[in-house]
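Raw upload_27.cif, mmCIF, C-alpha atoms and all ligand atoms:
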```
data_my_file
loop_
_atom_site.label_atom_id
_atom_site.label_comp_id
_atom_site.auth_asym_id
_atom_site.auth_seq_id
_atom_site.Cartn_x
_atom_site.Cartn_y
_atom_site.Cartn_z
CA MET A 1 -11.23 -5.43 27.43
CA SER A 2 -8.73 -2.94 28.86
CA ALA A 3 -7.91 0.17 26.84
CA ALA A 4 -4.28 -1.02 26.49
CA ARG A 5 -5.38 -4.46 25.20
CA GLN A 6 -7.87 -2.87 22.79
CA LYS A 7 -5.08 -0.66 21.43
CA GLU A 8 -2.88 -3.76 20.97
CA CYS A 9 -5.62 -5.48 18.92
CA ASP A 10 -5.96 -2.41 16.75
CA VAL A 11 -2.46 -2.92 15.35
CA ALA A 12 -2.21 -4.89 12.09
CA ILE A 13 1.53 -4.38 11.55
CA ARG A 14 4.01 -3.49 14.27
CA ILE A 15 7.62 -2.67 13.42
CA THR A 16 10.08 -2.04 16.22
CA GLY A 17 13.75 -1.10 16.12
CA LEU A 18 14.20 -1.99 12.44
CA THR A 19 17.65 -1.59 10.91
CA ASN A 20 18.41 -2.25 7.24
CA SER A 21 21.68 -1.61 5.46
CA PHE A 22 23.41 -2.41 2.19
CA GLY A 23 27.15 -2.38 2.90
CA ASP A 24 27.89 1.01 4.42
CA ASP A 25 24.56 2.41 3.23
CA VAL A 26 22.28 2.42 6.30
CA VAL A 27 18.72 2.77 5.03
CA HIS A 28 16.79 2.30 8.30
CA ASP A 29 18.15 2.81 11.78
CA ASP A 30 15.95 1.86 14.74
CA LEU A 31 12.78 2.51 12.76
CA SER A 32 9.42 1.88 14.44
CA LEU A 33 5.93 2.02 12.99
CA ASP A 34 2.42 0.77 13.80
CA VAL A 35 -0.18 0.27 11.08
CA ARG A 36 -3.72 0.12 12.45
CA HIS A 37 -6.32 -2.42 11.42
CA GLY A 38 -8.61 -1.10 8.70
CA GLU A 39 -6.71 2.07 7.90
CA ILE A 40 -5.20 3.31 4.68
CA LEU A 41 -1.73 4.38 5.72
CA GLY A 42 0.12 6.54 3.21
CA VAL A 43 3.91 6.17 3.35
CA VAL A 44 5.89 9.10 2.00
CA GLY A 45 9.48 10.27 1.94
CA GLY A 46 12.06 11.54 -0.50
CA SER A 47 13.48 9.19 -3.13
CA GLY A 48 15.79 6.62 -1.60
CA THR A 49 14.53 7.04 1.97
CA GLY A 50 13.69 3.34 2.08
CA LYS A 51 9.93 3.11 1.52
CA SER A 52 10.16 0.08 -0.76
CA VAL A 53 12.83 -1.56 1.42
CA LEU A 54 10.45 -1.13 4.36
CA MET A 55 7.63 -2.80 2.44
CA ARG A 56 9.94 -5.60 1.31
CA SER A 57 11.03 -6.13 4.92
CA ILE A 58 7.43 -6.52 6.06
CA ILE A 59 6.58 -9.07 3.39
CA GLY A 60 9.77 -11.05 3.86
CA LEU A 61 11.61 -10.12 0.67
CA GLN A 62 14.33 -8.30 2.58
CA THR A 63 16.04 -9.62 5.71
CA PRO A 64 16.74 -6.74 8.08
CA ASP A 65 19.93 -6.47 10.14
CA SER A 66 17.86 -6.26 13.30
CA GLY A 67 14.47 -5.36 14.66
CA ARG A 68 11.08 -6.93 15.09
CA ILE A 69 8.19 -7.10 12.63
CA GLU A 70 4.79 -8.48 13.60
CA VAL A 71 2.06 -8.90 11.03
CA LEU A 72 -1.43 -9.73 12.30
CA GLY A 73 0.14 -10.82 15.57
CA GLU A 74 2.77 -13.10 14.01
CA SER A 75 6.47 -12.46 14.23
CA MET A 76 7.96 -12.29 10.75
CA LEU A 77 11.63 -12.53 11.62
CA ASP A 78 11.49 -15.42 14.02
CA GLU A 79 12.33 -18.52 12.00
CA ALA A 80 11.02 -20.80 14.74
CA GLU A 81 7.61 -19.16 14.38
CA GLU A 82 7.68 -18.91 10.61
CA ASP A 83 4.32 -19.82 9.13
CA VAL A 84 3.98 -19.56 5.35
CA SER A 85 0.20 -19.22 5.60
CA ILE A 86 0.69 -15.64 6.81
CA ARG A 87 1.78 -14.82 3.26
CA SER A 88 -1.70 -15.68 2.03
CA ARG A 89 -3.12 -12.93 4.22
CA TRP A 90 -1.62 -10.12 2.19
CA GLY A 91 -1.61 -9.03 -1.41
CA VAL A 92 1.00 -6.84 -3.05
CA LEU A 93 0.85 -4.50 -6.00
CA PHE A 94 4.47 -3.83 -6.93
CA GLN A 95 5.61 -0.78 -8.86
CA GLY A 96 4.73 -1.32 -12.51
CA GLY A 97 2.45 -4.26 -11.72
CA ALA A 98 5.21 -6.92 -11.87
CA LEU A 99 3.00 -9.22 -13.91
CA PHE A 100 4.40 -12.38 -15.51
CA SER A 101 4.74 -11.32 -19.13
CA THR A 102 4.22 -14.82 -20.57
CA LEU A 103 0.93 -15.34 -18.73
CA THR A 104 -2.45 -13.79 -19.47
CA VAL A 105 -4.15 -11.57 -16.89
CA ALA A 106 -6.34 -14.45 -15.68
CA GLU A 107 -3.32 -16.78 -15.48
CA ASN A 108 -1.44 -14.14 -13.47
CA VAL A 109 -4.32 -13.92 -11.01
CA MET A 110 -4.43 -17.72 -10.75
CA VAL A 111 -0.74 -18.03 -9.78
CA PRO A 112 -1.22 -17.36 -6.03
CA LEU A 113 -4.33 -19.55 -6.02
CA ALA A 114 -2.36 -22.46 -7.48
CA GLU A 115 0.44 -21.89 -4.97
CA PHE A 116 -1.69 -21.70 -1.83
CA TYR A 117 -4.71 -23.81 -2.83
CA PRO A 118 -3.37 -26.47 -5.23
CA LYS A 119 -6.45 -28.64 -4.69
CA ILE A 120 -8.82 -26.09 -6.21
CA ASP A 121 -9.64 -27.34 -9.71
CA SER A 122 -8.80 -25.18 -12.69
CA LYS A 123 -12.45 -24.30 -13.46
CA LEU A 124 -13.03 -22.86 -10.00
CA ARG A 125 -9.62 -21.16 -10.09
CA ARG A 126 -10.64 -19.45 -13.31
CA GLU A 127 -13.99 -18.39 -11.80
CA ILE A 128 -12.24 -16.85 -8.79
CA ALA A 129 -9.79 -15.07 -11.10
CA MET A 130 -12.66 -13.67 -13.20
CA TYR A 131 -14.32 -12.35 -10.05
CA LYS A 132 -11.11 -10.61 -8.94
CA ILE A 133 -10.65 -9.17 -12.43
CA ALA A 134 -14.17 -7.70 -12.29
CA LEU A 135 -13.56 -6.43 -8.74
CA SER A 136 -10.52 -4.55 -10.03
CA GLY A 137 -12.60 -2.77 -12.64
CA LEU A 138 -11.24 -4.57 -15.69
CA PRO A 139 -13.54 -5.69 -18.50
CA GLU A 140 -14.05 -9.43 -18.90
CA GLU A 141 -12.16 -9.49 -22.19
CA ALA A 142 -8.99 -8.29 -20.43
CA ALA A 143 -8.72 -11.71 -18.77
CA ASP A 144 -7.18 -13.39 -21.81
CA LYS A 145 -4.86 -10.57 -22.76
CA TYR A 146 -1.13 -10.55 -22.09
CA PRO A 147 0.42 -7.70 -20.06
CA SER A 148 2.01 -6.26 -23.22
CA GLU A 149 -1.49 -5.77 -24.65
CA LEU A 150 -2.65 -3.64 -21.70
CA SER A 151 -2.41 0.11 -21.01
CA GLY A 152 -0.51 1.25 -17.91
CA GLY A 153 -3.74 1.73 -15.96
CA MET A 154 -5.00 -1.71 -16.95
CA LYS A 155 -1.71 -3.29 -15.89
CA LYS A 156 -2.13 -1.72 -12.44
CA ARG A 157 -5.66 -3.10 -12.21
CA ALA A 158 -4.44 -6.53 -13.30
CA GLY A 159 -1.75 -6.35 -10.60
CA LEU A 160 -4.45 -5.38 -8.13
CA ALA A 161 -6.61 -8.34 -9.21
CA ARG A 162 -3.66 -10.63 -8.52
CA ALA A 163 -3.04 -8.93 -5.16
CA LEU A 164 -6.67 -9.65 -4.23
CA SER A 165 -6.64 -13.25 -5.41
CA LEU A 166 -6.35 -14.80 -1.93
CA ASP A 167 -8.90 -12.52 -0.21
CA PRO A 168 -6.17 -10.77 1.78
CA ASP A 169 -6.57 -8.81 5.01
CA LEU A 170 -3.66 -6.53 4.09
CA LEU A 171 -2.95 -4.81 0.83
CA PHE A 172 0.47 -3.36 -0.02
CA LEU A 173 0.52 -0.83 -2.84
CA ASP A 174 3.85 0.55 -4.08
CA GLU A 175 3.24 3.80 -5.97
CA PRO A 176 -0.04 2.61 -7.52
CA THR A 177 -0.82 5.87 -9.32
CA ALA A 178 2.69 6.53 -10.66
CA GLY A 179 2.59 6.92 -14.43
CA LEU A 180 -1.20 7.26 -14.62
CA ASP A 181 -2.89 10.34 -16.05
CA PRO A 182 -4.76 12.43 -13.43
CA ILE A 183 -8.15 10.94 -14.33
CA GLY A 184 -6.78 7.40 -14.23
CA ALA A 185 -5.02 8.14 -10.94
CA ALA A 186 -8.22 9.51 -9.36
CA ARG A 187 -10.14 6.44 -10.54
CA PHE A 188 -7.52 4.15 -9.07
CA ASP A 189 -7.73 6.03 -5.75
CA GLU A 190 -11.49 5.65 -5.82
CA LEU A 191 -11.16 1.91 -6.47
CA THR A 192 -8.66 1.52 -3.62
CA LEU A 193 -11.00 3.28 -1.23
CA GLU A 194 -14.01 1.29 -2.38
CA LEU A 195 -12.16 -2.01 -1.96
CA GLN A 196 -10.77 -1.01 1.40
CA ARG A 197 -14.25 -0.16 2.64
CA THR A 198 -16.12 -3.11 1.21
CA LEU A 199 -13.48 -5.77 1.95
CA GLY A 200 -12.34 -4.27 5.27
CA LEU A 201 -8.71 -4.14 4.14
CA THR A 202 -5.75 -2.58 5.89
CA VAL A 203 -3.75 -0.75 3.23
CA PHE A 204 -0.04 0.14 3.30
CA LEU A 205 0.30 2.59 0.45
CA ILE A 206 3.64 4.00 -0.71
CA THR A 207 3.11 7.11 -2.79
CA HIS A 208 4.47 10.42 -3.98
CA ASP A 209 0.97 11.44 -5.06
CA LEU A 210 -0.29 14.29 -2.88
CA ASP A 211 -3.83 13.94 -4.22
CA THR A 212 -3.89 10.30 -3.11
CA LEU A 213 -2.76 11.30 0.38
CA HIS A 214 -5.46 13.93 0.70
CA GLU A 215 -8.24 11.90 -0.86
CA ILE A 216 -7.98 8.43 0.60
CA CYS A 217 -5.39 8.12 3.37
CA ASP A 218 -6.47 8.00 7.00
CA ARG A 219 -2.95 8.70 8.21
CA VAL A 220 0.41 9.37 6.64
CA ALA A 221 3.82 8.11 7.83
CA VAL A 222 6.84 10.19 6.84
CA LEU A 223 10.22 8.51 6.29
CA ALA A 224 13.31 10.68 6.69
CA ASP A 225 16.59 10.48 8.54
CA ARG A 226 16.35 6.63 8.36
CA LYS A 227 13.24 6.56 10.54
CA VAL A 228 9.54 7.30 10.58
CA ILE A 229 9.87 10.88 11.77
CA ALA A 230 6.13 11.56 12.02
CA ILE A 231 2.81 9.80 11.59
CA GLY A 232 -0.71 11.19 11.71
CA THR A 233 -3.42 12.88 9.71
CA ILE A 234 -2.29 15.61 7.34
CA PRO A 235 -3.42 18.38 9.74
CA GLU A 236 -1.44 16.65 12.50
CA LEU A 237 1.64 16.47 10.29
CA LEU A 238 1.27 20.12 9.35
CA ALA A 239 1.39 20.98 13.05
CA THR A 240 4.98 19.63 13.22
CA ASP A 241 7.82 21.90 12.24
CA HIS A 242 10.00 19.38 10.39
CA PRO A 243 11.32 21.24 7.32
CA TRP A 244 10.76 18.32 4.90
CA ILE A 245 7.14 17.89 6.02
CA GLN A 246 6.49 21.61 5.73
CA GLU A 247 8.08 21.78 2.29
CA TYR A 248 6.27 18.67 1.10
CA PHE A 249 2.74 19.62 2.18
CA ASN A 250 3.12 23.38 1.96
CA GLY A 251 5.08 23.55 -1.30
CA PRO A 252 3.21 24.59 -4.47
CA ARG A 253 2.05 21.04 -5.28
CA GLY A 254 1.08 20.29 -1.70
CA ARG A 255 -1.02 23.44 -1.48
CA ALA A 256 -2.66 22.74 -4.85
CA ALA A 257 -3.64 19.22 -3.69
CA ALA A 258 -5.02 20.63 -0.41
CA VAL A 259 -7.07 23.27 -2.24
CA SER A 260 -8.46 20.75 -4.70
CA HIS A 261 -9.34 18.41 -1.82
CA ALA A 262 -11.08 21.23 0.08
CA ASP A 263 -13.03 22.15 -3.09
CA GLU A 264 -14.14 18.56 -3.48
CA GLU A 265 -15.24 18.45 0.15
CA ARG A 266 -17.27 21.63 -0.39
CA ARG A 267 -18.88 20.13 -3.49
CA GLN A 268 -19.87 17.21 -1.30
CA ASN A 269 -21.28 19.67 1.27
CA ARG A 270 -18.82 18.65 3.92
CA HIS A 271 -16.61 20.90 5.93
CA PRO A 272 -13.00 19.88 5.18
CA ALA A 273 -12.13 19.68 8.88
CA GLN A 274 -15.05 17.32 9.57
CA SER A 275 -13.87 14.65 7.24
CA LYS A 276 -10.47 12.99 6.99
CA SER A 277 -10.75 13.14 3.26
CA ARG A 278 -12.66 10.96 0.87
CA GLY A 279 -14.52 13.33 -1.30
CA PHE A 280 -15.59 10.72 -3.82
CA LYS A 281 -19.12 10.53 -4.99
CA ARG A 282 -20.61 7.13 -4.55
N1 LIG B 1 18.93 -4.71 -3.28
C1 LIG B 1 19.56 -3.57 -2.96
N2 LIG B 1 20.91 -3.51 -2.95
C2 LIG B 1 21.57 -2.39 -2.61
N3 LIG B 1 20.96 -1.23 -2.27
C3 LIG B 1 19.62 -1.23 -2.27
C4 LIG B 1 18.86 -2.39 -2.62
N4 LIG B 1 17.54 -2.08 -2.53
C5 LIG B 1 17.48 -0.79 -2.16
N5 LIG B 1 18.72 -0.28 -2.01
C6 LIG B 1 19.04 1.08 -1.58
O1 LIG B 1 18.24 1.38 -0.46
C7 LIG B 1 17.85 2.74 -0.50
C8 LIG B 1 16.35 2.84 -0.37
O2 LIG B 1 15.73 2.29 -1.52
P1 LIG B 1 14.15 2.25 -1.72
O3 LIG B 1 13.91 1.65 -3.06
O4 LIG B 1 13.51 1.62 -0.55
O5 LIG B 1 13.81 3.80 -1.72
P2 LIG B 1 12.39 4.50 -1.92
O6 LIG B 1 12.18 5.37 -0.74
O7 LIG B 1 11.35 3.46 -2.18
O8 LIG B 1 12.69 5.37 -3.20
P3 LIG B 1 11.74 5.88 -4.41
O9 LIG B 1 10.77 6.85 -3.82
O10 LIG B 1 12.70 6.52 -5.34
O11 LIG B 1 11.07 4.65 -5.00
C9 LIG B 1 18.40 3.32 -1.80
O12 LIG B 1 19.60 4.00 -1.50
C10 LIG B 1 18.67 2.10 -2.63
O13 LIG B 1 19.73 2.33 -3.50
#
```
Kindly transcribe the structure held in the file into structure tokens.
Amino acid sequence: MSAARQKECDVAIRITGLTNSFGDDVVHDDLSLDVRHGEILGVVGGSGTGKSVLMRSIIGLQTPDSGRIEVLGESMLDEAEEDVSIRSRWGVLFQGGALFSTLTVAENVMVPLAEFYPKIDSKLRREIAMYKIALSGLPEEAADKYPSELSGGMKKRAGLARALSLDPDLLFLDEPTAGLDPIGAARFDELTLELQRTLGLTVFLITHDLDTLHEICDRVAVLADRKVIAIGTIPELLATDHPWIQEYFNGPRGRAAAVSHADEERRQNRHPAQSKSRGFKR
């Protein structure tokens, strides 16, 4: 296979020339981005720079003004090519979990199964849901609880279980650690990494959490000025001179996250520069 063809196959999501606007408010203007197969891509940017609108455009919840979006080789904006089965190849954890409040955790996880595989009988559906609940680190007894009976961290895990219900290739996470205490956030990062590795997922992860970026992301895409202004590893981003990137990664919080990550790497007997990140004990 030629190097160019190999590179083409490495792309899970390709966005080209994307424009999104709401009235006079232009959120994206000629935005392009490639997400590679099997990576955890962190997506960062100031509030209102259009991270969630970008995610919604990819998964078909937002119709862009123009541009091209390909997911796993399929064009998402070409109605002639529209194939609903592509939607079964991704799972989404929305901000706050977005669980159905009148359904239990297990029932929430069963919703996509019922939609895409209506012929699966309810017993098997429940078994699959229980497996996904366990995979997401929730205790068995959480299955029959309602979202209102769960802590914030448990709601995120329940949302994750639902996102995994169809054995997706792609996982979209919108601010998964927002609102979690630091220990809960680190555990959620660890779970994301573990799932990505064991299930071979490609992860599109919107976050403001600098620890998450340092610990589990292979690359980071930065949204500003209505575009992806830079994409790369954190050291690669630090080599750019964009003021927002410098302020973000070199501000007090950015430096603290970098120091803590380097300490963790040392504890694991790795040189920080030798490893992208991923200082978790396993
Ligand atoms: N349905 C909508 N109608 C009108 N404007 C919208 C709509 N959805 C998003 N916007 C606007 O698009 C812009 C980008 O919103 P988006 O939620 O993508 O930002 P974000 O980068 O995810 O922000 P945050 O980090 O605060 O979550 C904002 O100005 C927002 O007000």
How many Å separate atom CA of A:Leu199 from atom CA of A:Ser88? 15.4 Å
How would you write, as a short mmCIF file (atom, residue, chain, number, x, y, z; two decimals) with C-alpha atoms, in the coordinates of the input, the set of residues no farther than 7 Å from ligand LIG 1 (chain B) when counting only C-alpha atoms and all ligand atoms?
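Just written: result-v2.cif:
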```cif
data_model
loop_
_atom_site.label_atom_id
_atom_site.label_comp_id
_atom_site.auth_asym_id
_atom_site.auth_seq_id
_atom_site.Cartn_x
_atom_site.Cartn_y
_atom_site.Cartn_z
CA PHE A 22 23.41 -2.41 2.19
CA VAL A 27 18.72 2.77 5.03
CA GLY A 45 9.48 10.27 1.94
CA GLY A 46 12.06 11.54 -0.50
CA SER A 47 13.48 9.19 -3.13
CA GLY A 48 15.79 6.62 -1.60
CA THR A 49 14.53 7.04 1.97
CA GLY A 50 13.69 3.34 2.08
CA LYS A 51 9.93 3.11 1.52
CA SER A 52 10.16 0.08 -0.76
CA VAL A 53 12.83 -1.56 1.42
CA LEU A 54 10.45 -1.13 4.36
#
```
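Residue nearest A:Glu194, chosen from A:Ile40, A:Val105, A:Leu173, A:Leu237 and counting all atoms listed in the file: A:Ile40.
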Would you pick out the contacts of A:Ala185 at 10 Å or less, using only C-alpha atoms, so that residues sharing its chain but fewer than 5 positions from it are not included, and give the list as a list of chain:residue names? A:Gly153, A:Pro176, A:Thr177, A:Ala178, A:Gly179, A:Leu180, A:Glu190, A:Leu191, A:Asp209, A:Asp211, A:Thr212
Between atom CA of A:Leu33 and atom CA of A:Leu170 - distance in Å to one decimal: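 A separation of 15.6 Å between them.
Nearest to A:Asp181 of all the residues A:Ser151, A:Ile86, A:Ala224, A:His261 is A:Ser151, counting all atoms listed in the file.
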Show me, as an mmCIF file with C-alpha atoms, keeping the file's coordinate frame, the residues that have an atom within 8 Å of A:Gly96 when counting all atoms listed in the file, minus same-chain residues fewer than 4 positions from it.
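Result went into part08.cif, see below:
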```cif
data_model
loop_
_atom_site.group_PDB
_atom_site.id
_atom_site.type_symbol
_atom_site.label_atom_id
_atom_site.label_comp_id
_atom_site.auth_asym_id
_atom_site.auth_seq_id
_atom_site.Cartn_x
_atom_site.Cartn_y
_atom_site.Cartn_z
ATOM 1 C CA GLY A 152 -0.510 1.250 -17.910
ATOM 2 C CA LYS A 155 -1.710 -3.290 -15.890
ATOM 3 C CA LYS A 156 -2.130 -1.720 -12.440
ATOM 4 C CA PRO A 176 -0.040 2.610 -7.520
#
```
Selection as a PDB file with C-alpha atoms, keeping the file's coordinate frame: residues within 8 Å of (6.0, -4.1, -5.6), counting all atoms listed in the file:
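What landed in point-v2.pdb:
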```pdb
ATOM      1  CA  SER A  52      10.160   0.080  -0.760  1.00  0.00           C
ATOM      2  CA  VAL A  92       1.000  -6.840  -3.050  1.00  0.00           C
ATOM      3  CA  LEU A  93       0.850  -4.500  -6.000  1.00  0.00           C
ATOM      4  CA  PHE A  94       4.470  -3.830  -6.930  1.00  0.00           C
ATOM      5  CA  GLN A  95       5.610  -0.780  -8.860  1.00  0.00           C
ATOM      6  CA  GLY A  96       4.730  -1.320 -12.510  1.00  0.00           C
ATOM      7  CA  GLY A  97       2.450  -4.260 -11.720  1.00  0.00           C
ATOM      8  CA  ALA A  98       5.210  -6.920 -11.870  1.00  0.00           C
ATOM      9  CA  PHE A 172       0.470  -3.360  -0.020  1.00  0.00           C
ATOM     10  CA  LEU A 173       0.520  -0.830  -2.840  1.00  0.00           C
ATOM     11  CA  ASP A 174       3.850   0.550  -4.080  1.00  0.00           C
TER      12      ASP A 174
END
```
Since the input has fewer atoms than a full residue there, write stretch 77-106 of chain A out with N, CA and C atoms, as a CSV table (one decimal), in the frame of the given file.
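Output (rebuild-v4.csv):
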```
chain,number,residue,atom,x,y,z
A,77,LEU,N,10.2,-12.3,11.7
A,77,LEU,CA,11.6,-12.5,11.6
A,77,LEU,C,12.1,-13.7,12.5
A,78,ASP,N,11.2,-14.3,13.1
A,78,ASP,CA,11.5,-15.4,14.0
A,78,ASP,C,11.3,-16.7,13.3
A,79,GLU,N,12.4,-17.3,12.9
A,79,GLU,CA,12.3,-18.5,12.0
A,79,GLU,C,11.6,-19.7,12.7
A,80,ALA,N,11.7,-19.7,14.0
A,80,ALA,CA,11.0,-20.8,14.7
A,80,ALA,C,9.5,-20.7,14.6
A,81,GLU,N,9.1,-19.4,14.5
A,81,GLU,CA,7.6,-19.2,14.4
A,81,GLU,C,7.1,-19.1,13.0
A,82,GLU,N,8.0,-19.2,12.0
A,82,GLU,CA,7.7,-18.9,10.6
A,82,GLU,C,6.5,-19.8,10.1
A,83,ASP,N,5.5,-19.1,9.6
A,83,ASP,CA,4.3,-19.8,9.1
A,83,ASP,C,4.0,-19.2,7.7
A,84,VAL,N,4.2,-20.1,6.7
A,84,VAL,CA,4.0,-19.6,5.4
A,84,VAL,C,2.6,-19.1,5.1
A,85,SER,N,1.6,-19.6,5.9
A,85,SER,CA,0.2,-19.2,5.6
A,85,SER,C,0.0,-17.7,5.8
A,86,ILE,N,0.8,-17.1,6.6
A,86,ILE,CA,0.7,-15.6,6.8
A,86,ILE,C,0.8,-14.9,5.5
A,87,ARG,N,1.6,-15.5,4.6
A,87,ARG,CA,1.8,-14.8,3.3
A,87,ARG,C,0.5,-14.8,2.4
A,88,SER,N,-0.4,-15.7,2.8
A,88,SER,CA,-1.7,-15.7,2.0
A,88,SER,C,-2.6,-14.6,2.6
A,89,ARG,N,-2.2,-13.9,3.6
A,89,ARG,CA,-3.1,-12.9,4.2
A,89,ARG,C,-2.8,-11.5,3.7
A,90,TRP,N,-1.8,-11.4,2.8
A,90,TRP,CA,-1.6,-10.1,2.2
A,90,TRP,C,-1.5,-10.2,0.7
A,91,GLY,N,-1.8,-9.1,0.0
A,91,GLY,CA,-1.6,-9.0,-1.4
A,91,GLY,C,-0.7,-7.8,-1.7
A,92,VAL,N,0.0,-7.9,-2.8
A,92,VAL,CA,1.0,-6.8,-3.0
A,92,VAL,C,0.9,-6.4,-4.5
A,93,LEU,N,0.8,-5.1,-4.7
A,93,LEU,CA,0.8,-4.5,-6.0
A,93,LEU,C,2.2,-3.8,-6.1
A,94,PHE,N,3.1,-4.4,-6.8
A,94,PHE,CA,4.5,-3.8,-6.9
A,94,PHE,C,4.4,-2.7,-7.9
A,95,GLN,N,5.5,-1.9,-7.9
A,95,GLN,CA,5.6,-0.8,-8.9
A,95,GLN,C,5.6,-1.4,-10.3
A,96,GLY,N,4.8,-0.8,-11.1
A,96,GLY,CA,4.7,-1.3,-12.5
A,96,GLY,C,3.9,-2.6,-12.7
A,97,GLY,N,3.3,-3.1,-11.6
A,97,GLY,CA,2.4,-4.3,-11.7
A,97,GLY,C,3.2,-5.6,-11.5
A,98,ALA,N,4.4,-5.7,-12.0
A,98,ALA,CA,5.2,-6.9,-11.9
A,98,ALA,C,4.4,-8.2,-12.3
A,99,LEU,N,3.7,-8.1,-13.4
A,99,LEU,CA,3.0,-9.2,-13.9
A,99,LEU,C,3.9,-10.2,-14.7
A,100,PHE,N,3.6,-11.4,-14.7
A,100,PHE,CA,4.4,-12.4,-15.5
A,100,PHE,C,4.0,-12.1,-17.0
A,101,SER,N,5.0,-11.8,-17.8
A,101,SER,CA,4.7,-11.3,-19.1
A,101,SER,C,4.3,-12.5,-20.0
A,102,THR,N,4.6,-13.7,-19.7
A,102,THR,CA,4.2,-14.8,-20.6
A,102,THR,C,2.9,-15.4,-20.2
A,103,LEU,N,2.2,-14.8,-19.1
A,103,LEU,CA,0.9,-15.3,-18.7
A,103,LEU,C,-0.1,-14.3,-19.0
A,104,THR,N,-1.3,-14.7,-19.3
A,104,THR,CA,-2.4,-13.8,-19.5
A,104,THR,C,-2.8,-13.2,-18.1
A,105,VAL,N,-3.7,-12.2,-18.1
A,105,VAL,CA,-4.2,-11.6,-16.9
A,105,VAL,C,-4.8,-12.6,-16.0
A,106,ALA,N,-5.7,-13.4,-16.5
A,106,ALA,CA,-6.3,-14.4,-15.7
A,106,ALA,C,-5.3,-15.4,-15.1
```
